[in-house]
Every structure is written in C-alpha cells, then in structure tokens.
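*Asks:* Before I ask anything, here is the structure I am working with.
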Amino acid sequence: MLHDKPIGNVAHAENVISVFASRAAAEILRLQAATRLKEKQADLEEAQRVASVGNWSRDLATGTTSWSDEMYRIYGFPPQSVSSNWETASALMLPDEVDLARAHRANISKSGVKEINYWITRQDGVARFLRARRDVICDSEGKPVRVVGTIQDITERKQAEAEREEYYARSIGVIQNSVDSIITIDDRGMIESVNPATLGLFGYEETELVGQNVSLLMPEPDRGNHDQCIEAYKTSGSKKILDTVRETQGVQKGGTTFPLRISVTEVRFGDRRIFAGIIHDLTRESELERQLLQAQKLESVGTLAGGIAHDFNNILHAILGFNTLAQENMEKDSELLTQCLMEIEAGSRRAADLVSQILTFSRTSEIDYTPMTLQPLIEEALRFLRSSIPATIQIDKRIDPDCGPVLGNATQIHQVVTNLCTNAMHAMEAKGGSLTVSLEPLSIISRLETLCGPFEPGESVQLSVADTGTGIEPDLIERLIDPFFTTKGVGKGTGLGLAMVHGIVKSMGGGLLIESELGSGTKVRVIFPLLRENQVLETPKEPPRPHGRGTGNVMIVDDEEVITKLTARMLESRGFTVDSFNDSGVALEALKVTPMAYNVALLDYTMPGKTGGDLAREFQTLAAEMPVILATGHIDELEHEQTSSPNIVDIIRKPFDIDALVSAINRSR
C-alpha cells in the first residue's frame, strides 16, 4: 500500500514499479489482442453469415465436435440450441444420402480436402442443398488428431444451375426438333454445329459438314463472296447480312439448288464470337405461290370466258335462228339442203353446249349427268376433227359397238375426245404417224391407282387414245394434269387440255392413266364405271313440237341489231307484231308515249347503259301490267333478277329457238 512516509529503499521501489508497469502493459496488450480477436471473430461470423458458410471441428481423441453459429443456422437451428454432432446433422439428410455422408465422415486415413454435396430437409420443412468440405489435421508423426471442415448452403446456386440446365435442355430440344435448319459457324466461316433439319435439308451427314466452310452450302456468286463478307464485317463492322432476313438459294449435296429464307445473328462469348443462321426451306411456299398464280390465271380465264361466251351466244343465236327460218321456208323436197341445215343446227347446238360448259367452268356450277353410250359421241368428235388432222396422220378407230352406257355429259365427252386427239396430233405433226382411238369394255379386278385417285373394282368402259409421236419423259407424267403445264412449243398449246380432261374424268367418277416412253409415243386411258342395268334410265325421245303461234304486239330491246332483226322476223312468222329497239333509252321513250301499246317486252339483260333488269324496273312504273321476259347468255347472272321486279315473269337462255320463245310469250299473258 502506498503511504506518505519516505521510501527507505528507492531501488526496491523502482523495481516494484517496473514490475507493475510491465504487468500493466502486458494486460493492455492482452486486452487489445482479445479485442482484435473478438472483432476478427465477429468479422468471421459475419462473413460466414453473408457467404452462408459454417465451419466445424472434431477432436479425434475425445470425439467432441464443435460448430460455428452459422453452422447451426444452416441446419435450421438457433446457435448452441442442439448438440453439435453427427446424429443431429444426419437426422436432416435424405435417407439415400446418409450412407454417402457417413463414408465421407469416416474416411480420415490421410489428409487432403474431400468434398460431397447433399440435400437436407430442415425442421421447418425447407429443403436446402449443402456442400461439405473437410480435411484431416495430423501431428508431427503423421497421425490424424483432428478433422476440420466447412458446410456451405449452395441452394440458390443449385437452383440457378438447374434453371440453366433446363433452359439449355429446352434450347437444345428446340434446336434439335426445329423444322428449320439451324447452323452455327465461327468467325472464319467454319461450321461448328448443325441440327437434324439441316442434314435433311441439304442431304449431308453431320461429319461431312462440321469443320467445313459454310460456303459449301451456297451457290455462286454467294459461295465466292462469303468469306470476304465475314472479313469485311470483322474489320469495318459492315453488316451485309447480319440481323436481316433475306431470300436466296441453297445447294444440296447432289448439286440441286432450292429457294430459302435465312436470318443470321452474332453471339459473343468474351472475345470469341460465333454466327448462327436459321434457314427456312421455301420450296413448298414457292410451289404454293406458283399454284396461286395458276389459280389467278384460271380466274382470269373464267372472267374472260364469261365475256367471250356472251358475245358468242349472240352469234350462235343468229346462226340457229336464221337456220330455223331457212328450214321452215325452204322447199320440202330439197333433201341435201335439209341435211346441210340439220348439220349446221347440230354443230351450233354443240357450240352452244360448249359455251355453257365454259361458263360452268368459270363459275364452278353443277353439271347434269345422264346415262349415255359413248360410241356416237366419239364418232361425231372424230368426224369434226378429221378436217384439222394432217393427212400424214392415219386415224385407226377401234370402237366396240357392244360397250354399255355410262353416266356422263355429252359435251364433256366431246371435249375429252377432242383434247386427247389434239394432243396426239401435235405429238405427230412433224413426222406423221398413227392415231388409234379405242373403246372397249374393261373388268377391273382390284383397286387401280390413277391420276384421278383410286378406281374401284368392277365393270367399266375404257376409252384409249394412242399415238406414235415423240413421247413424254416418265418424270413429267404426273405434271401433265397441272393447269398451264405443257410440253409443247410456244404457240402450240396453253397447258389446259389435259387439266380439263382430268377435271372432267374425275367429276364423272372415272380414272385417268398415261403411259409414255420417249421416242415411242403416248397412250392415254380414260376409264368410266359402267352403269348397272337398274341404273340405266330411259331417256324419252322428245316428240316433234308443233310450230307455236300467237298474237299481240311485242317490244324487243337488244343492243345487237342482228338479234333484233332475227327475233322480229321469227315472231312475225308466228303471228306476232313486233317493234324492235337497239337502244334502251329510245325504247323507254317509246313506252312513255304509248304505255299501253305492247302486250309483252323481250329485253336483253346485258346492254350498255341500262341492263335489262334496270329497264324492266322503269317499265314497271310506266306499264305495270306489261309482262317482261329477260334474255341472257348465262342464267346464273340473273338468279336475283326474277324477284327484283314483279313484272319480270320469265328468263330465257340464249341461244333460244323460236318455239321456246313463243311458249314463253304465251305463258306470260
């Protein structure tokens, strides 16, 4: 104890003070070291918390194990709340992973870091994925004395890896199953990867493409320019094809070119870059585009056919009408003249039916089919064709008179024979040859595949047209039925003939076969199902009609003067009085002056200015009691007119004969 008495031994006192000072300094250093250690321990614990890493230690001599606080938290426990031992940890592991962890714990024969990963389910039900690392500490003699290790919660990393793997698997799946070709190349243009669609599209094996320059799949000039484009991009950044979609050509292994659409993008991995191209085969689209163009051509043909048919019907109407007048007024004993006029009438009516078929084709209307025998139709078609076939071509007819009837349309059969014979004639016109037309019965034993589809077994009739001309390449046979496809030279055909034959035969339930060999000629076989006896309908013969007559005043309005003159003369010969007009405006003014002068009006539907329907509606306001008959070359265009005005009582198709017109007039009154 210090006191106020003088110190007797100064040296002793200094020693005491020195000892106390040393001890005080040592304590201060200890306290400072303890403080720093505590701070470092706190930093370590914070670092472990942030990194989700706990550490542990096990003394092999005593078997005691210690855990860091973060170790407890990783396992889902408050620090120091449970025993820090193997039993506590293993109770949280999945059953199939306990043995793995036990083996990892027991393997302490030598030092060295060992690592395992495993799942646990904490007491709160949350699953966590842990990474365990441990090492063995040995004494100076190499004997293991302690095991130390870490436990890290890597659940988020595991989930991120799983998501990446899933994304990668999905991406690979999309690439591998893509219907489009996907190719990756390096910055030298060398192929690094291809998907199965690429192999199917270009016809190569994967080993034939990987490592090759992608220009292998390009035609010239793209092949020669490709590498320069890549270099230009790498040096100047010029993006000639990158990040764009363009259409170009590709080359298959066999050298065949085909249309494609390609988009190319760049992908960078640090300093490394690759280019990925997606290629879509445009072959199908190009074919559909070609078919669309053909359909548009057919639509144009249909529109044109309607206009031509209207004018042609007026011409036929005049021919038939004057022919009728000539027959009614000629000398009865003129047999030759009668025969000639009958042939003119037959040809004109055939032409009228053909116009009807053209209009049907252009508007896809239904066609009437009736039972008929083919022999007279074939004979008639050949008779008409004979004058147009060169004398260097011999016609050989082999028509079996006993062939039974089929269900068909006379005009269409005429078209089939005419088109097939015309094609055969064109194939032989350079050197001449033999044209053989056959008709014979045929028994089909099993289903027959034809260009019109399968033809079922049964009794049938076969029409064959064979020539000894140039023949056709077998690869082109199926294309012969495509509209506008032709093997003829410019000006020799439109390519519609066989397409029309195909359509007619198919609509009749028939079959079409084409056999040909280059240099040996062509044979076209048309097969029709034979009608069974109980299907054959008796077609009653139309009795001769008496020449109809009538009375009354008829107004005729048609912009064709020859039509009005002819119709007026025909009606006057049957007892009517007629006023004819070639201008709808003049006719309207005439009716305004004398609205009660006419018993009936015959109006052409298609006229400049006003249609017959428009004129009929104006007539309704002037002479409501006067019936109106509309005349047209095509009934379909007037389907709505019959109900558009109450005074329209009938519609008659051009060309009409006088008896039909007289009947229509008499019915209207």
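Each chain of the structure tokens is named A, B, ... in the order shown, its residues numbered from 1; ligands are numbered from 1 in display order.
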Once DSSP has gone over the backbone, tell me which residues of range 546-623 of chain A are in alpha helix (DSSP H), as an NGL selection string.

*Replies:* :A and (561-572 or 584-593 or 612-622)

*Asks:* Where does DSSP see strand (DSSP E or B) in range 74-168 of chain A, if you list the residues as a PyMOL selection string?

*Replies:* chain A and resi 93+114-121+127-138+144-153

*Asks:* Tell me which of A:Glu429, A:Asp475, A:Asp271, A:Glu289 sits closest to Ile389 in chain A, counting only C-alpha atoms.

*Replies:*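 Closest to Ile389 in chain A, using only C-alpha atoms: A:Glu429.
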
*Asks:* Find the residues near Gly471 in chain A: any atom within 10 Å, counting only C-alpha atoms, skip ones fewer than 3 places away on the same chain, and give them as a PyMOL selection string.

*Replies:* chain A and resi 424+427-428+467-468+474+515-523

*Asks:* Mind dumping the selected residues with N, CA and C atoms as a PDB file, in the first residue's frame?

*Replies:*
```pdb
ATOM      1  N   ALA A 424     -52.473 -35.716-129.262  1.00  0.00           N
ATOM      2  CA  ALA A 424     -51.814 -36.760-130.049  1.00  0.00           C
ATOM      3  C   ALA A 424     -51.381 -36.225-131.407  1.00  0.00           C
ATOM      4  N   ALA A 427     -48.236 -34.224-131.155  1.00  0.00           N
ATOM      5  CA  ALA A 427     -47.053 -35.055-130.924  1.00  0.00           C
ATOM      6  C   ALA A 427     -46.537 -35.689-132.208  1.00  0.00           C
ATOM      7  N   MET A 428     -47.401 -35.755-133.273  1.00  0.00           N
ATOM      8  CA  MET A 428     -47.006 -36.448-134.508  1.00  0.00           C
ATOM      9  C   MET A 428     -46.936 -35.533-135.723  1.00  0.00           C
ATOM     10  N   ASP A 467     -50.848 -42.572-129.659  1.00  0.00           N
ATOM     11  CA  ASP A 467     -50.153 -42.003-130.806  1.00  0.00           C
ATOM     12  C   ASP A 467     -48.769 -42.622-130.910  1.00  0.00           C
ATOM     13  N   THR A 468     -48.132 -42.394-132.042  1.00  0.00           N
ATOM     14  CA  THR A 468     -46.759 -42.884-132.271  1.00  0.00           C
ATOM     15  C   THR A 468     -45.794 -41.708-132.342  1.00  0.00           C
ATOM     16  N   PRO A 474     -41.015 -39.960-118.336  1.00  0.00           N
ATOM     17  CA  PRO A 474     -41.847 -40.510-117.252  1.00  0.00           C
ATOM     18  C   PRO A 474     -41.978 -39.572-116.056  1.00  0.00           C
ATOM     19  N   GLU A 515     -49.549 -43.540-120.240  1.00  0.00           N
ATOM     20  CA  GLU A 515     -48.373 -44.386-120.448  1.00  0.00           C
ATOM     21  C   GLU A 515     -47.571 -43.792-121.593  1.00  0.00           C
ATOM     22  N   SER A 516     -46.283 -43.573-121.376  1.00  0.00           N
ATOM     23  CA  SER A 516     -45.480 -42.936-122.417  1.00  0.00           C
ATOM     24  C   SER A 516     -44.022 -43.322-122.283  1.00  0.00           C
ATOM     25  N   GLU A 517     -43.330 -43.267-123.408  1.00  0.00           N
ATOM     26  CA  GLU A 517     -41.901 -43.514-123.449  1.00  0.00           C
ATOM     27  C   GLU A 517     -41.311 -42.631-124.530  1.00  0.00           C
ATOM     28  N   LEU A 518     -40.204 -41.971-124.217  1.00  0.00           N
ATOM     29  CA  LEU A 518     -39.586 -41.065-125.188  1.00  0.00           C
ATOM     30  C   LEU A 518     -39.273 -41.810-126.483  1.00  0.00           C
ATOM     31  N   GLY A 519     -39.739 -41.231-127.594  1.00  0.00           N
ATOM     32  CA  GLY A 519     -39.476 -41.806-128.900  1.00  0.00           C
ATOM     33  C   GLY A 519     -40.430 -42.906-129.311  1.00  0.00           C
ATOM     34  N   SER A 520     -41.327 -43.327-128.399  1.00  0.00           N
ATOM     35  CA  SER A 520     -42.220 -44.449-128.712  1.00  0.00           C
ATOM     36  C   SER A 520     -43.690 -44.090-128.644  1.00  0.00           C
ATOM     37  N   GLY A 521     -44.010 -42.861-128.343  1.00  0.00           N
ATOM     38  CA  GLY A 521     -45.406 -42.455-128.336  1.00  0.00           C
ATOM     39  C   GLY A 521     -46.029 -42.459-126.952  1.00  0.00           C
ATOM     40  N   THR A 522     -47.321 -42.117-126.927  1.00  0.00           N
ATOM     41  CA  THR A 522     -48.068 -41.966-125.681  1.00  0.00           C
ATOM     42  C   THR A 522     -49.433 -42.612-125.822  1.00  0.00           C
ATOM     43  N   LYS A 523     -49.899 -43.206-124.734  1.00  0.00           N
ATOM     44  CA  LYS A 523     -51.244 -43.767-124.691  1.00  0.00           C
ATOM     45  C   LYS A 523     -51.953 -43.239-123.451  1.00  0.00           C
TER      46      LYS A 523
END
```

*Asks:* Near Gly575 in chain A, within 10 Å and counting only C-alpha atoms, which residues show up once chain neighbours fewer than 6 positions away are dropped, as a list in words?

*Replies:*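 So the residues in contact are Gly548, Arg549, Gly550, Thr551, Gly552, Asn553 and Val662 of chain A.
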
*Asks:* Could you give me, as a Markdown table, every range 61-88 of chain A residue with an atom at most 12 Å from range 114-136 of chain A, plus its closest atom pair and distance in Å to one decimal, counting only C-alpha atoms, rows ordered by chain then number?

*Replies:*
```
| residue | atom | partner | partner_atom | distance |
| --- | --- | --- | --- | --- |
| A:Met71 | CA | A:Leu130 | CA | 11.0 |
| A:Tyr72 | CA | A:Arg122 | CA | 11.0 |
| A:Arg73 | CA | A:Arg122 | CA | 10.1 |
| A:Ile74 | CA | A:Arg128 | CA | 8.5 |
| A:Tyr75 | CA | A:Arg122 | CA | 6.2 |
| A:Gly76 | CA | A:Arg122 | CA | 5.7 |
| A:Phe77 | CA | A:Gln123 | CA | 8.4 |
| A:Pro78 | CA | A:Gln123 | CA | 11.7 |
| A:Thr88 | CA | A:Arg122 | CA | 10.9 |
```

*Asks:* Residues at most 10 Å from range 432-437 of chain A, counting only C-alpha atoms, excluding those fewer than 3 positions away in the same chain, as a PyMOL selection string?

*Replies:* chain A and resi 378-379+382+389-399+417+420-421+424-429+463-469+521+523-524

*Asks:* The selected residues should be written to file as a compact mmCIF listing (two decimals), in the first residue's frame (atoms: N, CA, C and O atoms).

*Replies:*
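Result written to out-v2.txt:
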```
# COMPACT_ATOMS: atom_id res chain seq x y z
N ILE A 378 -68.08 -40.37 -129.73
CA ILE A 378 -66.71 -40.50 -130.24
C ILE A 378 -66.70 -40.35 -131.75
O ILE A 378 -65.84 -39.65 -132.32
N GLU A 379 -67.64 -41.00 -132.43
CA GLU A 379 -67.72 -40.91 -133.89
C GLU A 379 -67.93 -39.46 -134.33
O GLU A 379 -67.28 -38.98 -135.28
N LEU A 382 -64.69 -37.40 -133.83
CA LEU A 382 -63.68 -37.72 -134.85
C LEU A 382 -64.07 -37.15 -136.21
O LEU A 382 -63.19 -36.73 -136.99
N ILE A 389 -56.88 -32.65 -138.90
CA ILE A 389 -55.74 -33.56 -138.70
C ILE A 389 -55.00 -33.73 -140.02
O ILE A 389 -55.61 -34.04 -141.05
N PRO A 390 -53.68 -33.53 -140.05
CA PRO A 390 -52.91 -33.65 -141.30
C PRO A 390 -53.07 -35.03 -141.93
O PRO A 390 -53.29 -36.04 -141.26
N ALA A 391 -52.93 -35.04 -143.25
CA ALA A 391 -53.07 -36.30 -143.98
C ALA A 391 -51.96 -37.29 -143.64
O ALA A 391 -52.09 -38.50 -143.88
N THR A 392 -50.85 -36.79 -143.08
CA THR A 392 -49.74 -37.69 -142.70
C THR A 392 -50.04 -38.51 -141.46
O THR A 392 -49.26 -39.38 -141.09
N ILE A 393 -51.18 -38.21 -140.81
CA ILE A 393 -51.56 -38.94 -139.60
C ILE A 393 -52.75 -39.83 -139.93
O ILE A 393 -53.80 -39.35 -140.38
N GLN A 394 -52.60 -41.12 -139.75
CA GLN A 394 -53.65 -42.09 -140.03
C GLN A 394 -54.48 -42.31 -138.77
O GLN A 394 -53.94 -42.51 -137.68
N ILE A 395 -55.81 -42.29 -138.93
CA ILE A 395 -56.70 -42.50 -137.80
C ILE A 395 -57.20 -43.94 -137.83
O ILE A 395 -57.76 -44.40 -138.83
N ASP A 396 -56.99 -44.63 -136.76
CA ASP A 396 -57.43 -46.02 -136.63
C ASP A 396 -58.48 -46.08 -135.52
O ASP A 396 -58.19 -45.88 -134.35
N LYS A 397 -59.74 -46.36 -135.91
CA LYS A 397 -60.84 -46.42 -134.96
C LYS A 397 -61.11 -47.88 -134.58
O LYS A 397 -61.27 -48.74 -135.45
N ARG A 398 -61.16 -48.13 -133.30
CA ARG A 398 -61.48 -49.46 -132.80
C ARG A 398 -62.58 -49.34 -131.75
O ARG A 398 -62.34 -49.43 -130.54
N ILE A 399 -63.78 -49.10 -132.23
CA ILE A 399 -64.93 -48.81 -131.36
C ILE A 399 -65.77 -50.07 -131.22
O ILE A 399 -66.34 -50.57 -132.19
N VAL A 417 -62.53 -36.29 -125.88
CA VAL A 417 -62.03 -36.88 -127.13
C VAL A 417 -61.26 -35.85 -127.94
O VAL A 417 -60.16 -36.12 -128.46
N LEU A 420 -57.78 -35.01 -126.23
CA LEU A 420 -56.81 -36.10 -126.31
C LEU A 420 -56.31 -36.28 -127.74
O LEU A 420 -55.12 -36.50 -127.98
N CYS A 421 -57.21 -36.19 -128.71
CA CYS A 421 -56.81 -36.36 -130.11
C CYS A 421 -55.96 -35.18 -130.58
O CYS A 421 -55.01 -35.36 -131.35
N ALA A 424 -52.47 -35.72 -129.26
CA ALA A 424 -51.81 -36.76 -130.05
C ALA A 424 -51.38 -36.23 -131.41
O ALA A 424 -50.28 -36.54 -131.90
N MET A 425 -52.22 -35.41 -132.03
CA MET A 425 -51.89 -34.83 -133.33
C MET A 425 -50.65 -33.94 -133.23
O MET A 425 -49.75 -34.02 -134.06
N HIS A 426 -50.56 -33.12 -132.17
CA HIS A 426 -49.40 -32.25 -132.01
C HIS A 426 -48.12 -33.06 -131.81
O HIS A 426 -47.04 -32.64 -132.23
N ALA A 427 -48.24 -34.22 -131.15
CA ALA A 427 -47.05 -35.05 -130.92
C ALA A 427 -46.54 -35.69 -132.21
O ALA A 427 -45.38 -36.11 -132.28
N MET A 428 -47.40 -35.76 -133.27
CA MET A 428 -47.01 -36.45 -134.51
C MET A 428 -46.94 -35.53 -135.72
O MET A 428 -46.64 -36.00 -136.82
N GLU A 429 -47.22 -34.23 -135.55
CA GLU A 429 -47.35 -33.39 -136.73
C GLU A 429 -46.03 -33.20 -137.48
O GLU A 429 -46.04 -32.90 -138.67
N LEU A 463 -61.83 -45.82 -122.70
CA LEU A 463 -61.55 -45.04 -123.91
C LEU A 463 -60.04 -44.82 -123.95
O LEU A 463 -59.46 -44.30 -123.00
N SER A 464 -59.40 -45.22 -125.06
CA SER A 464 -57.96 -45.06 -125.20
C SER A 464 -57.63 -44.24 -126.42
O SER A 464 -58.25 -44.42 -127.48
N VAL A 465 -56.68 -43.32 -126.27
CA VAL A 465 -56.17 -42.54 -127.40
C VAL A 465 -54.65 -42.72 -127.39
O VAL A 465 -53.97 -42.31 -126.45
N ALA A 466 -54.13 -43.35 -128.46
CA ALA A 466 -52.70 -43.66 -128.53
C ALA A 466 -52.10 -43.02 -129.78
O ALA A 466 -52.75 -42.94 -130.82
N ASP A 467 -50.85 -42.57 -129.66
CA ASP A 467 -50.15 -42.00 -130.81
C ASP A 467 -48.77 -42.62 -130.91
O ASP A 467 -48.29 -43.28 -129.98
N THR A 468 -48.13 -42.39 -132.04
CA THR A 468 -46.76 -42.88 -132.27
C THR A 468 -45.79 -41.71 -132.34
O THR A 468 -44.83 -41.73 -133.10
N GLY A 469 -46.08 -40.68 -131.52
CA GLY A 469 -45.30 -39.45 -131.57
C GLY A 469 -44.04 -39.48 -130.74
O GLY A 469 -43.44 -40.53 -130.50
N GLY A 521 -44.01 -42.86 -128.34
CA GLY A 521 -45.41 -42.45 -128.34
C GLY A 521 -46.03 -42.46 -126.95
O GLY A 521 -45.39 -42.77 -125.94
N LYS A 523 -49.90 -43.21 -124.73
CA LYS A 523 -51.24 -43.77 -124.69
C LYS A 523 -51.95 -43.24 -123.45
O LYS A 523 -51.44 -43.37 -122.33
N VAL A 524 -53.12 -42.63 -123.67
CA VAL A 524 -53.92 -42.11 -122.57
C VAL A 524 -55.16 -42.99 -122.45
O VAL A 524 -55.90 -43.18 -123.42
```

*Asks:* Skip range 445-447 of chain A itself and residues of its chain fewer than 4 positions away, then list as a ChimeraX atom specification all residues within 7 Å of it, counting only C-alpha atoms.

*Replies:* /A:454-458

*Asks:* Mind pulling up the distance from CA of Glu459 in chain A to CA of Ile413 in chain A?

*Replies:*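 Straight-line distance from CA of Ile413 in chain A to CA of Glu459 in chain A works out to 19.2 Å.
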
*Asks:* Nearest to Glu220 in chain A: which of A:Val251, A:Leu199, A:Val82, A:Val593 is it, counting only C-alpha atoms?

*Replies:*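 Looking at the shortest contact to Glu220 in chain A, the residue is A:Val251.
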
*Asks:* I want to know what sits within 12 Å of Pro405 in chain A, based on only C-alpha atoms, with residues of the same chain fewer than 2 positions away left out; could you give that as an MDAnalysis selection string?

*Replies:* chainID A and resid 370:377 401:403 407:409 439:441 459:462 528:538

*Asks:* Residues as selected, C-alpha atoms, written as a PDB file, in the first residue's frame, can you do that?

*Replies:*
```pdb
ATOM      1  CA  THR A 370     -77.332 -38.556-117.807  1.00  0.00           C
ATOM      2  CA  PRO A 371     -76.972 -42.182-118.962  1.00  0.00           C
ATOM      3  CA  MET A 372     -75.424 -42.354-122.441  1.00  0.00           C
ATOM      4  CA  THR A 373     -73.463 -44.552-124.795  1.00  0.00           C
ATOM      5  CA  LEU A 374     -70.078 -43.233-125.892  1.00  0.00           C
ATOM      6  CA  GLN A 375     -69.917 -44.679-129.416  1.00  0.00           C
ATOM      7  CA  PRO A 376     -71.900 -41.955-131.264  1.00  0.00           C
ATOM      8  CA  LEU A 377     -70.166 -39.164-129.329  1.00  0.00           C
ATOM      9  CA  PRO A 401     -70.385 -51.420-130.536  1.00  0.00           C
ATOM     10  CA  ASP A 402     -71.333 -53.544-127.533  1.00  0.00           C
ATOM     11  CA  CYS A 403     -69.850 -51.241-124.854  1.00  0.00           C
ATOM     12  CA  LEU A 407     -73.273 -41.678-116.596  1.00  0.00           C
ATOM     13  CA  GLY A 408     -71.849 -38.562-118.224  1.00  0.00           C
ATOM     14  CA  ASN A 409     -72.313 -35.325-120.102  1.00  0.00           C
ATOM     15  CA  LEU A 439     -63.447 -48.028-126.925  1.00  0.00           C
ATOM     16  CA  GLU A 440     -63.772 -51.373-125.180  1.00  0.00           C
ATOM     17  CA  PRO A 441     -65.241 -52.991-122.082  1.00  0.00           C
ATOM     18  CA  GLU A 459     -67.165 -53.474-114.814  1.00  0.00           C
ATOM     19  CA  SER A 460     -66.138 -50.402-116.742  1.00  0.00           C
ATOM     20  CA  VAL A 461     -65.657 -48.834-120.175  1.00  0.00           C
ATOM     21  CA  GLN A 462     -62.195 -47.795-121.375  1.00  0.00           C
ATOM     22  CA  PHE A 528     -65.562 -44.840-116.792  1.00  0.00           C
ATOM     23  CA  PRO A 529     -67.642 -47.022-114.464  1.00  0.00           C
ATOM     24  CA  LEU A 530     -70.261 -48.965-116.383  1.00  0.00           C
ATOM     25  CA  LEU A 531     -73.858 -48.307-115.419  1.00  0.00           C
ATOM     26  CA  ARG A 532     -75.670 -51.292-113.998  1.00  0.00           C
ATOM     27  CA  GLU A 533     -78.967 -52.247-115.568  1.00  0.00           C
ATOM     28  CA  ASN A 534     -81.024 -50.891-112.716  1.00  0.00           C
ATOM     29  CA  GLN A 535     -79.208 -47.536-113.038  1.00  0.00           C
ATOM     30  CA  VAL A 536     -79.927 -47.006-116.718  1.00  0.00           C
ATOM     31  CA  LEU A 537     -82.701 -44.511-117.184  1.00  0.00           C
ATOM     32  CA  GLU A 538     -84.691 -44.469-120.336  1.00  0.00           C
TER      33      GLU A 538
END
```
